[in-house]
Amino acid sequence: MNFTNSDEFRKYGHQLIDLLADHLALQTSGKGHCMPYMEADDLYEKWSPKLAEGYDRIEDFWQDVLAHSISLHNPKYIGHQVNGPAYIGALGGLMASYLNNGGAVYEMGMAMTIFERFMIEQIASKAGLDDKAEGFFTSGGTLANLSALLAARQKAFAQFSDPENKKWAVMVSEQSHYSVDRAAKTMGWGNEGIIHIPVDDRCKMRTDLLEEQLRDARANDIEVVAVVGSACTTSTGSFDDLEAIADFCQKHDLWFHVDAAHGGANMFSKKLKPIIKGIEKADSFIFDFHKLLLTPALATAVIFKNGEDSYRAFTERAAYLLSDEKDWYNLGKRTYECTKNMMILKVMNIWFHHGPEQIEAYLDKIHRVTKEAAQWIDQQSDFEVALSPESNILCFRYLPGEESKANEANLYLREKILQEGEFYIVKTVIKGKHYLRTTLLSPLTELSHFQELITKIRELSIPL
Ligand SMILES: *Cc1c(COP(=O)(O)O)cnc(C)c1O
């Protein structure tokens, strides 16, 4: 048994990096399809005999993995919000996997504990918070929203002697990410536990309705714990008016949480930052480094304006691990995870190797190209842009001439593009209309790629 031979580690490590570097060179050239799509049943049937037989050479296995994986590094990958990570971030991931420091207690992850605090302080300062702010990293936006809302709940519960006998809810726009609904359900609240606020024609929360929605909730004996702003929404990339929500929360003494999983990264750009104005008034906010910041998944920051609140979510004690003091350096006290991935190492590698200026230039570029693409597509008489983009998410649809056939046509197109594999895009529904949805994350994607996509769509004959 040779699980730990350092010579072999070196040998196979070099082989794997060579293979991945070749893959990266091909994919970033824009040649090669980014999506080798096969139906799940077909792929299982094809591959499972080989899996049962096994691979003599691990290199052959690696080749097969690449052959059946979507490539996020291709500039024609403009689908979901997960990025093709910066190579140095991927290497940071390798280092994290090798070191495998869990970090629930300080001594099991000294470096990562220091890095988390450093990066949380960077974020707090970018967001305009003072030194009371604290936070941590956790495994994804879904868990991050739950962690913040659990803290909000604990704080609200503390004001009542019989909180378990009350009905509770959070308020959030009807366009919010489903993780907020899941958080409410995980906290044991049913459908009444989530109050969906309607959106305006730009898919932003109708903050003018908050007062009456709160009155209605209270009339039904429901206590509102928090209002959640979206910055931005997943479907259309629309930013809620965070200042208005902050004012409302302050007036009624409610917790203000911002789900900035996608758009929180804007704070790293001087040009883009104004759109998240008001985030500094939030009691808590989250954002994903694995969306707009070129970091391998998962790496999500959770920030609390008052650091004390960051200890609220999980009060159970595991005495053998943790003492009773609020020791900032034992991260497991504040996170859902016990053993945690060294996610911060991926972030720090990018931070030091590329630096904040390059990150800012990258953010500015992807937003600029998204705007250019929107303007160009909107000028095409057979296409329509859903909303002028506020982020790097752009939804548009093909107009087949007759409105009654538009939904069917766009569903067909998305399916065809998936099967064909040169581009990868997704779809969404806005007010009953089906749109093609794109998220521009590659630093290599240009307007010309969107133009190629439109040409391709025009060449597909739609059977209507
Ligand atoms: C992506 C996203 C999430 C979920 O984040 P994961 O890291 O995928 O768990 C939550 N909220 C918003 C607005 C998102 O865009």
# chains A, B, ... in the order shown; residues from 1 in each chain; ligands from 1

call {"tool": "residues_near_ligand", "arguments": {"ligand": "ligand 1", "cutoff": "10 Å", "atoms": "only C-alpha atoms and all ligand atoms", "output": "PDB file with N, CA, C and O atoms, in the first residue's frame"}}
result
ATOM      1  N   HIS A  80     -25.072  28.874 -15.975  1.00  0.00           N
ATOM      2  CA  HIS A  80     -25.332  29.126 -14.555  1.00  0.00           C
ATOM      3  C   HIS A  80     -24.224  29.986 -13.948  1.00  0.00           C
ATOM      4  O   HIS A  80     -23.200  30.237 -14.577  1.00  0.00           O
ATOM      5  N   GLN A  81     -24.450  30.339 -12.653  1.00  0.00           N
ATOM      6  CA  GLN A  81     -23.589  31.361 -12.037  1.00  0.00           C
ATOM      7  C   GLN A  81     -22.273  30.842 -11.477  1.00  0.00           C
ATOM      8  O   GLN A  81     -21.610  31.552 -10.735  1.00  0.00           O
ATOM      9  N   VAL A  82     -21.932  29.604 -11.779  1.00  0.00           N
ATOM     10  CA  VAL A  82     -20.666  29.061 -11.271  1.00  0.00           C
ATOM     11  C   VAL A  82     -19.570  29.362 -12.296  1.00  0.00           C
ATOM     12  O   VAL A  82     -19.764  29.152 -13.490  1.00  0.00           O
ATOM     13  N   THR A 138     -18.418  29.858   4.985  1.00  0.00           N
ATOM     14  CA  THR A 138     -19.177  28.617   5.086  1.00  0.00           C
ATOM     15  C   THR A 138     -19.410  28.030   3.691  1.00  0.00           C
ATOM     16  O   THR A 138     -19.088  28.655   2.683  1.00  0.00           O
ATOM     17  N   SER A 139     -19.979  26.826   3.667  1.00  0.00           N
ATOM     18  CA  SER A 139     -20.059  26.056   2.418  1.00  0.00           C
ATOM     19  C   SER A 139     -21.275  26.435   1.570  1.00  0.00           C
ATOM     20  O   SER A 139     -22.240  25.689   1.478  1.00  0.00           O
ATOM     21  N   GLY A 140     -21.231  27.605   0.965  1.00  0.00           N
ATOM     22  CA  GLY A 140     -22.246  27.973  -0.003  1.00  0.00           C
ATOM     23  C   GLY A 140     -23.278  28.957   0.517  1.00  0.00           C
ATOM     24  O   GLY A 140     -23.501  29.088   1.725  1.00  0.00           O
ATOM     25  N   GLY A 141     -23.915  29.626  -0.440  1.00  0.00           N
ATOM     26  CA  GLY A 141     -24.883  30.663  -0.120  1.00  0.00           C
ATOM     27  C   GLY A 141     -26.110  30.125   0.600  1.00  0.00           C
ATOM     28  O   GLY A 141     -26.715  30.813   1.428  1.00  0.00           O
ATOM     29  N   THR A 142     -26.489  28.903   0.275  1.00  0.00           N
ATOM     30  CA  THR A 142     -27.677  28.313   0.880  1.00  0.00           C
ATOM     31  C   THR A 142     -27.483  28.161   2.388  1.00  0.00           C
ATOM     32  O   THR A 142     -28.317  28.597   3.186  1.00  0.00           O
ATOM     33  N   LEU A 143     -26.354  27.599   2.765  1.00  0.00           N
ATOM     34  CA  LEU A 143     -26.035  27.425   4.182  1.00  0.00           C
ATOM     35  C   LEU A 143     -25.767  28.783   4.847  1.00  0.00           C
ATOM     36  O   LEU A 143     -26.091  28.981   6.030  1.00  0.00           O
ATOM     37  N   ALA A 144     -25.218  29.697   4.081  1.00  0.00           N
ATOM     38  CA  ALA A 144     -24.910  31.030   4.620  1.00  0.00           C
ATOM     39  C   ALA A 144     -26.203  31.778   4.973  1.00  0.00           C
ATOM     40  O   ALA A 144     -26.307  32.386   6.036  1.00  0.00           O
ATOM     41  N   ASN A 145     -27.203  31.723   4.071  1.00  0.00           N
ATOM     42  CA  ASN A 145     -28.485  32.375   4.372  1.00  0.00           C
ATOM     43  C   ASN A 145     -29.113  31.751   5.609  1.00  0.00           C
ATOM     44  O   ASN A 145     -29.643  32.455   6.476  1.00  0.00           O
ATOM     45  N   GLN A 175     -39.123  37.019  -6.016  1.00  0.00           N
ATOM     46  CA  GLN A 175     -38.071  36.610  -6.950  1.00  0.00           C
ATOM     47  C   GLN A 175     -36.813  36.123  -6.219  1.00  0.00           C
ATOM     48  O   GLN A 175     -35.785  35.894  -6.844  1.00  0.00           O
ATOM     49  N   SER A 176     -36.883  35.986  -4.892  1.00  0.00           N
ATOM     50  CA  SER A 176     -35.691  35.627  -4.135  1.00  0.00           C
ATOM     51  C   SER A 176     -35.243  34.204  -4.453  1.00  0.00           C
ATOM     52  O   SER A 176     -36.003  33.400  -4.993  1.00  0.00           O
ATOM     53  N   HIS A 177     -34.008  33.903  -4.087  1.00  0.00           N
ATOM     54  CA  HIS A 177     -33.466  32.561  -4.303  1.00  0.00           C
ATOM     55  C   HIS A 177     -34.172  31.563  -3.375  1.00  0.00           C
ATOM     56  O   HIS A 177     -34.504  31.905  -2.239  1.00  0.00           O
ATOM     57  N   TYR A 178     -34.360  30.337  -3.834  1.00  0.00           N
ATOM     58  CA  TYR A 178     -35.145  29.386  -3.032  1.00  0.00           C
ATOM     59  C   TYR A 178     -34.476  29.005  -1.719  1.00  0.00           C
ATOM     60  O   TYR A 178     -35.109  28.431  -0.828  1.00  0.00           O
ATOM     61  N   SER A 179     -33.193  29.359  -1.567  1.00  0.00           N
ATOM     62  CA  SER A 179     -32.523  29.032  -0.308  1.00  0.00           C
ATOM     63  C   SER A 179     -33.146  29.766   0.873  1.00  0.00           C
ATOM     64  O   SER A 179     -33.066  29.299   2.012  1.00  0.00           O
ATOM     65  N   VAL A 180     -33.761  30.929   0.626  1.00  0.00           N
ATOM     66  CA  VAL A 180     -34.408  31.655   1.726  1.00  0.00           C
ATOM     67  C   VAL A 180     -35.656  30.887   2.177  1.00  0.00           C
ATOM     68  O   VAL A 180     -35.908  30.718   3.375  1.00  0.00           O
ATOM     69  N   GLY A 229     -33.235  41.282   1.650  1.00  0.00           N
ATOM     70  CA  GLY A 229     -33.094  41.933   0.350  1.00  0.00           C
ATOM     71  C   GLY A 229     -32.276  41.049  -0.580  1.00  0.00           C
ATOM     72  O   GLY A 229     -31.378  40.340  -0.131  1.00  0.00           O
ATOM     73  N   SER A 230     -32.589  41.103  -1.872  1.00  0.00           N
ATOM     74  CA  SER A 230     -31.826  40.319  -2.856  1.00  0.00           C
ATOM     75  C   SER A 230     -30.882  41.239  -3.622  1.00  0.00           C
ATOM     76  O   SER A 230     -31.305  42.253  -4.173  1.00  0.00           O
ATOM     77  N   ALA A 231     -29.612  40.874  -3.658  1.00  0.00           N
ATOM     78  CA  ALA A 231     -28.624  41.710  -4.361  1.00  0.00           C
ATOM     79  C   ALA A 231     -27.627  40.800  -5.073  1.00  0.00           C
ATOM     80  O   ALA A 231     -26.557  40.581  -4.568  1.00  0.00           O
ATOM     81  N   CYS A 232     -28.014  40.262  -6.163  1.00  0.00           N
ATOM     82  CA  CYS A 232     -29.224  40.526  -6.914  1.00  0.00           C
ATOM     83  C   CYS A 232     -30.058  39.241  -6.957  1.00  0.00           C
ATOM     84  O   CYS A 232     -29.666  38.243  -6.375  1.00  0.00           O
ATOM     85  N   THR A 233     -31.182  39.286  -7.680  1.00  0.00           N
ATOM     86  CA  THR A 233     -31.962  38.062  -7.848  1.00  0.00           C
ATOM     87  C   THR A 233     -31.226  37.124  -8.804  1.00  0.00           C
ATOM     88  O   THR A 233     -30.475  37.568  -9.672  1.00  0.00           O
ATOM     89  N   THR A 234     -31.472  35.848  -8.624  1.00  0.00           N
ATOM     90  CA  THR A 234     -30.770  34.853  -9.435  1.00  0.00           C
ATOM     91  C   THR A 234     -31.293  34.843 -10.872  1.00  0.00           C
ATOM     92  O   THR A 234     -30.527  34.785 -11.827  1.00  0.00           O
ATOM     93  N   SER A 235     -32.592  34.931 -11.002  1.00  0.00           N
ATOM     94  CA  SER A 235     -33.200  34.769 -12.314  1.00  0.00           C
ATOM     95  C   SER A 235     -32.825  35.893 -13.277  1.00  0.00           C
ATOM     96  O   SER A 235     -32.384  35.639 -14.399  1.00  0.00           O
ATOM     97  N   THR A 236     -32.972  37.146 -12.848  1.00  0.00           N
ATOM     98  CA  THR A 236     -32.768  38.262 -13.776  1.00  0.00           C
ATOM     99  C   THR A 236     -31.650  39.205 -13.359  1.00  0.00           C
ATOM    100  O   THR A 236     -31.359  40.168 -14.058  1.00  0.00           O
ATOM    101  N   GLY A 237     -31.018  38.964 -12.209  1.00  0.00           N
ATOM    102  CA  GLY A 237     -29.932  39.849 -11.767  1.00  0.00           C
ATOM    103  C   GLY A 237     -30.429  41.223 -11.357  1.00  0.00           C
ATOM    104  O   GLY A 237     -29.739  42.226 -11.573  1.00  0.00           O
ATOM    105  N   SER A 238     -31.621  41.290 -10.737  1.00  0.00           N
ATOM    106  CA  SER A 238     -32.194  42.576 -10.325  1.00  0.00           C
ATOM    107  C   SER A 238     -31.847  42.870  -8.870  1.00  0.00           C
ATOM    108  O   SER A 238     -31.934  41.985  -8.018  1.00  0.00           O
ATOM    109  N   PHE A 239     -31.486  44.110  -8.592  1.00  0.00           N
ATOM    110  CA  PHE A 239     -31.093  44.501  -7.230  1.00  0.00           C
ATOM    111  C   PHE A 239     -32.254  45.174  -6.515  1.00  0.00           C
ATOM    112  O   PHE A 239     -32.808  46.153  -7.023  1.00  0.00           O
ATOM    113  N   VAL A 258     -29.150  40.723   3.849  1.00  0.00           N
ATOM    114  CA  VAL A 258     -29.027  40.848   2.393  1.00  0.00           C
ATOM    115  C   VAL A 258     -28.433  39.570   1.822  1.00  0.00           C
ATOM    116  O   VAL A 258     -27.341  39.147   2.223  1.00  0.00           O
ATOM    117  N   ASP A 259     -29.177  38.969   0.907  1.00  0.00           N
ATOM    118  CA  ASP A 259     -28.659  37.830   0.157  1.00  0.00           C
ATOM    119  C   ASP A 259     -27.913  38.407  -1.044  1.00  0.00           C
ATOM    120  O   ASP A 259     -28.490  38.643  -2.102  1.00  0.00           O
ATOM    121  N   ALA A 260     -26.623  38.664  -0.840  1.00  0.00           N
ATOM    122  CA  ALA A 260     -25.783  39.204  -1.922  1.00  0.00           C
ATOM    123  C   ALA A 260     -24.875  38.103  -2.453  1.00  0.00           C
ATOM    124  O   ALA A 260     -23.722  38.344  -2.813  1.00  0.00           O
ATOM    125  N   ALA A 261     -25.404  36.865  -2.470  1.00  0.00           N
ATOM    126  CA  ALA A 261     -24.617  35.716  -2.935  1.00  0.00           C
ATOM    127  C   ALA A 261     -23.957  36.039  -4.269  1.00  0.00           C
ATOM    128  O   ALA A 261     -22.775  35.780  -4.469  1.00  0.00           O
ATOM    129  N   HIS A 262     -24.727  36.628  -5.159  1.00  0.00           N
ATOM    130  CA  HIS A 262     -24.188  36.942  -6.485  1.00  0.00           C
ATOM    131  C   HIS A 262     -23.527  38.319  -6.527  1.00  0.00           C
ATOM    132  O   HIS A 262     -22.378  38.456  -6.913  1.00  0.00           O
ATOM    133  N   GLY A 263     -24.258  39.340  -6.093  1.00  0.00           N
ATOM    134  CA  GLY A 263     -23.823  40.715  -6.349  1.00  0.00           C
ATOM    135  C   GLY A 263     -22.931  41.334  -5.284  1.00  0.00           C
ATOM    136  O   GLY A 263     -22.442  42.451  -5.467  1.00  0.00           O
ATOM    137  N   GLY A 264     -22.685  40.638  -4.191  1.00  0.00           N
ATOM    138  CA  GLY A 264     -21.844  41.197  -3.128  1.00  0.00           C
ATOM    139  C   GLY A 264     -20.451  41.528  -3.639  1.00  0.00           C
ATOM    140  O   GLY A 264     -19.796  42.468  -3.166  1.00  0.00           O
ATOM    141  N   ILE A 286     -24.444  38.054   3.010  1.00  0.00           N
ATOM    142  CA  ILE A 286     -23.592  36.943   2.567  1.00  0.00           C
ATOM    143  C   ILE A 286     -23.119  37.205   1.147  1.00  0.00           C
ATOM    144  O   ILE A 286     -23.784  37.930   0.408  1.00  0.00           O
ATOM    145  N   PHE A 287     -21.953  36.674   0.787  1.00  0.00           N
ATOM    146  CA  PHE A 287     -21.689  36.555  -0.643  1.00  0.00           C
ATOM    147  C   PHE A 287     -20.717  35.443  -1.002  1.00  0.00           C
ATOM    148  O   PHE A 287     -19.847  35.074  -0.240  1.00  0.00           O
ATOM    149  N   ASP A 288     -20.974  34.931  -2.200  1.00  0.00           N
ATOM    150  CA  ASP A 288     -20.270  33.766  -2.734  1.00  0.00           C
ATOM    151  C   ASP A 288     -19.023  34.185  -3.500  1.00  0.00           C
ATOM    152  O   ASP A 288     -19.130  34.913  -4.486  1.00  0.00           O
ATOM    153  N   PHE A 289     -17.878  33.717  -3.088  1.00  0.00           N
ATOM    154  CA  PHE A 289     -16.673  33.929  -3.892  1.00  0.00           C
ATOM    155  C   PHE A 289     -16.665  33.006  -5.117  1.00  0.00           C
ATOM    156  O   PHE A 289     -15.924  33.245  -6.060  1.00  0.00           O
ATOM    157  N   HIS A 290     -17.485  31.949  -5.098  1.00  0.00           N
ATOM    158  CA  HIS A 290     -17.465  31.019  -6.231  1.00  0.00           C
ATOM    159  C   HIS A 290     -18.403  31.446  -7.355  1.00  0.00           C
ATOM    160  O   HIS A 290     -18.623  30.705  -8.290  1.00  0.00           O
ATOM    161  N   LYS A 291     -18.961  32.651  -7.260  1.00  0.00           N
ATOM    162  CA  LYS A 291     -19.741  33.149  -8.397  1.00  0.00           C
ATOM    163  C   LYS A 291     -18.934  34.195  -9.163  1.00  0.00           C
ATOM    164  O   LYS A 291     -18.278  33.844 -10.120  1.00  0.00           O
ATOM    165  N   ALA A 297     -15.772  26.438  -6.152  1.00  0.00           N
ATOM    166  CA  ALA A 297     -16.828  26.233  -5.159  1.00  0.00           C
ATOM    167  C   ALA A 297     -16.301  25.318  -4.052  1.00  0.00           C
ATOM    168  O   ALA A 297     -15.474  24.451  -4.325  1.00  0.00           O
ATOM    169  N   LEU A 298     -16.838  25.459  -2.839  1.00  0.00           N
ATOM    170  CA  LEU A 298     -17.714  26.519  -2.382  1.00  0.00           C
ATOM    171  C   LEU A 298     -16.916  27.450  -1.478  1.00  0.00           C
ATOM    172  O   LEU A 298     -16.047  26.985  -0.751  1.00  0.00           O
ATOM    173  N   ALA A 299     -17.236  28.726  -1.491  1.00  0.00           N
ATOM    174  CA  ALA A 299     -16.559  29.663  -0.591  1.00  0.00           C
ATOM    175  C   ALA A 299     -17.476  30.864  -0.399  1.00  0.00           C
ATOM    176  O   ALA A 299     -17.575  31.717  -1.281  1.00  0.00           O
ATOM    177  N   THR A 300     -18.167  30.898   0.720  1.00  0.00           N
ATOM    178  CA  THR A 300     -19.142  31.964   0.971  1.00  0.00           C
ATOM    179  C   THR A 300     -18.822  32.688   2.270  1.00  0.00           C
ATOM    180  O   THR A 300     -18.593  32.043   3.301  1.00  0.00           O
TER     181      THR A 300
END

call {"tool": "residues_around", "arguments": {"residues": "Asn410 of chain A", "least_positions_apart": "5", "cutoff": "9 Å", "atoms": "only C-alpha atoms", "output": "PyMOL selection string"}}
result
chain A and resi 397-400+405+415+427+434-436

call {"tool": "residues_around", "arguments": {"residues": "Tyr329 of chain A", "least_positions_apart": "2", "cutoff": "6 Å", "atoms": "only C-alpha atoms", "output": "ChimeraX atom specification"}}
result
/A:106,327,331

call {"tool": "write_last_selection", "arguments": {"atoms": "all heavy atoms", "output": "mmCIF file, in the first residue's frame"}}
result
data_model
loop_
_atom_site.group_PDB
_atom_site.id
_atom_site.type_symbol
_atom_site.label_atom_id
_atom_site.label_comp_id
_atom_site.auth_asym_id
_atom_site.auth_seq_id
_atom_site.Cartn_x
_atom_site.Cartn_y
_atom_site.Cartn_z
ATOM 1 N N TYR A 106 -9.226 26.078 16.542
ATOM 2 C CA TYR A 106 -8.083 26.832 16.016
ATOM 3 C C TYR A 106 -6.886 25.954 15.692
ATOM 4 O O TYR A 106 -6.286 26.045 14.621
ATOM 5 C CB TYR A 106 -7.697 27.918 17.028
ATOM 6 C CG TYR A 106 -6.401 28.608 16.702
ATOM 7 C CD1 TYR A 106 -6.281 29.362 15.541
ATOM 8 C CD2 TYR A 106 -5.297 28.494 17.547
ATOM 9 C CE1 TYR A 106 -5.088 29.988 15.227
ATOM 10 C CE2 TYR A 106 -4.107 29.119 17.240
ATOM 11 C CZ TYR A 106 -4.002 29.857 16.080
ATOM 12 O OH TYR A 106 -2.824 30.468 15.767
ATOM 13 N N ASP A 327 -14.649 32.949 21.783
ATOM 14 C CA ASP A 327 -13.321 32.950 21.184
ATOM 15 C C ASP A 327 -13.456 32.986 19.668
ATOM 16 O O ASP A 327 -13.934 32.030 19.064
ATOM 17 C CB ASP A 327 -12.541 31.710 21.633
ATOM 18 C CG ASP A 327 -13.435 30.509 21.836
ATOM 19 O OD1 ASP A 327 -14.630 30.597 21.492
ATOM 20 O OD2 ASP A 327 -12.957 29.472 22.312
ATOM 21 N N LEU A 331 -13.554 28.503 14.933
ATOM 22 C CA LEU A 331 -14.575 28.823 13.937
ATOM 23 C C LEU A 331 -15.804 27.921 14.022
ATOM 24 O O LEU A 331 -16.902 28.325 13.674
ATOM 25 C CB LEU A 331 -13.970 28.743 12.530
ATOM 26 C CG LEU A 331 -12.850 29.761 12.247
ATOM 27 C CD1 LEU A 331 -12.198 29.476 10.906
ATOM 28 C CD2 LEU A 331 -13.397 31.175 12.285
#

call {"tool": "residues_around", "arguments": {"residues": "segment 360-376 of chain A", "least_positions_apart": "6", "cutoff": "8 Å", "atoms": "only C-alpha atoms", "output": "list in words"}}
result
Asn266, Phe268, Ser269, Lys270, Lys271, Leu272, Leu292, Val385, Ser388, Pro389, Ser391, Asn392, Ile393, Leu394, Leu440, Leu441, Ser442, Pro443, Thr445, Glu446, Leu447 and Phe450 of chain A

call {"tool": "select_by_dssp", "arguments": {"residues": "segment 268-306 of chain A", "states": "strand (DSSP E)", "output": "list in words"}}
result
Ser284, Phe285, Ile286, Phe287, Asp288, Thr300, Ala301, Val302, Ile303 and Phe304 of chain A

call {"tool": "residues_around", "arguments": {"residues": "Phe157 of chain A", "least_positions_apart": "6", "cutoff": "9 Å", "atoms": "only C-alpha atoms", "output": "PyMOL selection string"}}
result
chain A and resi 163-164+225

call {"tool": "write_last_selection", "arguments": {"atoms": "N, CA and C atoms", "output": "JSON list (two decimals), in the first residue's frame"}}
result
[["chain", "number", "residue", "atom", "x", "y", "z"],
["A", 163, "PRO", "N", -41.34, 32.00, 22.92],
["A", 163, "PRO", "CA", -41.21, 32.11, 21.46],
["A", 163, "PRO", "C", -41.70, 30.88, 20.70],
["A", 164, "GLU", "N", -41.59, 29.71, 21.34],
["A", 164, "GLU", "CA", -41.98, 28.48, 20.63],
["A", 164, "GLU", "C", -43.48, 28.45, 20.33],
["A", 225, "VAL", "N", -39.49, 38.14, 11.66],
["A", 225, "VAL", "CA", -38.14, 38.09, 12.22],
["A", 225, "VAL", "C", -37.18, 38.98, 11.44]]

call {"tool": "atom_distance", "arguments": {"atom1": "atom CA of Asn341 of chain A", "atom2": "atom CA of Gly84 of chain A"}}
result
19.2 Å

call {"tool": "closest_residue", "arguments": {"among": "A:Arg414, A:Lys456, A:Arg334, A:Lys431", "to": "Arg202 of chain A", "atoms": "only C-alpha atoms"}}
result
A:Lys431

call {"tool": "closest_residue", "arguments": {"among": "A:Gly13, A:Pro85, A:Gly193, A:Gly32", "to": "Glu420 of chain A", "atoms": "only C-alpha atoms"}}
result
A:Gly32

call {"tool": "residues_around", "arguments": {"residues": "Gln250 of chain A", "least_positions_apart": "5", "cutoff": "12 Å", "atoms": "only C-alpha atoms", "output": "number ranges by chain"}}
result
A: 226-227, 243-245, 255-256, 281-283

call {"tool": "closest_residue", "arguments": {"among": "A:Ile377, A:Leu411, A:Ser6, A:Leu129", "to": "Leu453 of chain A", "atoms": "only C-alpha atoms"}}
result
A:Ile377

call {"tool": "atom_distance", "arguments": {"atom1": "atom CA of Ser173 of chain A", "atom2": "atom CA of Asp200 of chain A"}}
result
10.0 Å

call {"tool": "atom_distance", "arguments": {"atom1": "atom CA of Ala183 of chain A", "atom2": "atom CA of Arg153 of chain A"}}
result
11.0 Å

call {"tool": "select_by_dssp", "arguments": {"residues": "segment 194-372 of chain A", "states": "alpha helix (DSSP H)", "output": "ChimeraX atom specification"}}
result
/A:210-219,242-252,289-292,343-353,355-372

call {"tool": "closest_residue", "arguments": {"among": "A:Leu254, A:Leu444, A:Ile359, A:Ile303", "to": "Asn74 of chain A", "atoms": "only C-alpha atoms"}}
result
A:Leu444

call {"tool": "closest_residue", "arguments": {"among": "A:Ile430, A:Cys338, A:Met343, A:Leu66", "to": "Ala104 of chain A", "atoms": "only C-alpha atoms"}}
result
A:Cys338

call {"tool": "closest_atom_pairs", "arguments": {"of": "segment 279-378 of chain A", "to": "segment 89-95 of chain A", "cutoff": "9 Å", "atoms": "only C-alpha atoms", "output": "JSON lines"}}
result
{"residue": "A:Leu294", "atom": "CA", "partner": "A:Gly89", "partner_atom": "CA", "distance": 7.4}
{"residue": "A:Thr295", "atom": "CA", "partner": "A:Gly89", "partner_atom": "CA", "distance": 5.6}
{"residue": "A:Pro296", "atom": "CA", "partner": "A:Ala90", "partner_atom": "CA", "distance": 6.2}
{"residue": "A:Met342", "atom": "CA", "partner": "A:Gly93", "partner_atom": "CA", "distance": 8.0}
{"residue": "A:Met343", "atom": "CA", "partner": "A:Gly93", "partner_atom": "CA", "distance": 7.4}
{"residue": "A:Ile344", "atom": "CA", "partner": "A:Gly92", "partner_atom": "CA", "distance": 8.8}
{"residue": "A:Leu345", "atom": "CA", "partner": "A:Gly92", "partner_atom": "CA", "distance": 5.7}
{"residue": "A:Lys346", "atom": "CA", "partner": "A:Gly92", "partner_atom": "CA", "distance": 4.4}
{"residue": "A:Val347", "atom": "CA", "partner": "A:Gly89", "partner_atom": "CA", "distance": 6.6}
{"residue": "A:Met348", "atom": "CA", "partner": "A:Gly92", "partner_atom": "CA", "distance": 8.1}
{"residue": "A:Asn349", "atom": "CA", "partner": "A:Gly89", "partner_atom": "CA", "distance": 5.9}
{"residue": "A:Ile350", "atom": "CA", "partner": "A:Gly89", "partner_atom": "CA", "distance": 5.6}

call {"tool": "write_last_selection", "arguments": {"atoms": "N, CA, C and O atoms", "output": "tab-separated table (two decimals), in the first residue's frame"}}
result
chain	number	residue	atom	x	y	z
A	294	LEU	N	-14.18	34.20	-9.29
A	294	LEU	CA	-13.24	33.27	-9.91
A	294	LEU	C	-12.70	32.19	-8.96
A	294	LEU	O	-11.64	31.61	-9.20
A	295	THR	N	-13.41	31.94	-7.88
A	295	THR	CA	-12.96	30.99	-6.85
A	295	THR	C	-13.66	29.65	-7.05
A	295	THR	O	-14.86	29.62	-7.32
A	296	PRO	N	-12.95	28.54	-6.90
A	296	PRO	CA	-13.62	27.24	-6.98
A	296	PRO	C	-14.67	27.11	-5.85
A	296	PRO	O	-14.44	27.60	-4.74
A	342	MET	N	-10.97	23.92	3.65
A	342	MET	CA	-10.12	25.12	3.76
A	342	MET	C	-10.41	26.07	2.60
A	342	MET	O	-9.52	26.44	1.83
A	343	MET	N	-11.68	26.43	2.46
A	343	MET	CA	-12.11	27.22	1.30
A	343	MET	C	-11.37	28.54	1.16
A	343	MET	O	-11.10	29.01	0.07
A	344	ILE	N	-11.02	29.12	2.30
A	344	ILE	CA	-10.38	30.43	2.28
A	344	ILE	C	-9.03	30.39	1.57
A	344	ILE	O	-8.57	31.39	1.02
A	345	LEU	N	-8.41	29.23	1.52
A	345	LEU	CA	-7.11	29.12	0.86
A	345	LEU	C	-7.22	29.39	-0.65
A	345	LEU	O	-6.32	29.97	-1.26
A	346	LYS	N	-8.35	28.99	-1.23
A	346	LYS	CA	-8.58	29.29	-2.65
A	346	LYS	C	-8.71	30.80	-2.84
A	346	LYS	O	-8.15	31.37	-3.77
A	347	VAL	N	-9.44	31.42	-1.94
A	347	VAL	CA	-9.65	32.87	-2.01
A	347	VAL	C	-8.31	33.61	-1.87
A	347	VAL	O	-7.98	34.50	-2.65
A	348	MET	N	-7.51	33.20	-0.88
A	348	MET	CA	-6.26	33.91	-0.61
A	348	MET	C	-5.26	33.77	-1.75
A	348	MET	O	-4.49	34.69	-2.03
A	349	ASN	N	-5.26	32.61	-2.39
A	349	ASN	CA	-4.36	32.42	-3.52
A	349	ASN	C	-4.65	33.43	-4.63
A	349	ASN	O	-3.75	34.00	-5.23
A	350	ILE	N	-5.94	33.63	-4.89
A	350	ILE	CA	-6.33	34.59	-5.93
A	350	ILE	C	-6.00	36.00	-5.48
A	350	ILE	O	-5.48	36.82	-6.24

call {"tool": "closest_residue", "arguments": {"among": "A:Ser310, A:Ser404, A:Thr438, A:Gln451", "to": "Gln380 of chain A", "atoms": "only C-alpha atoms"}}
result
A:Gln451
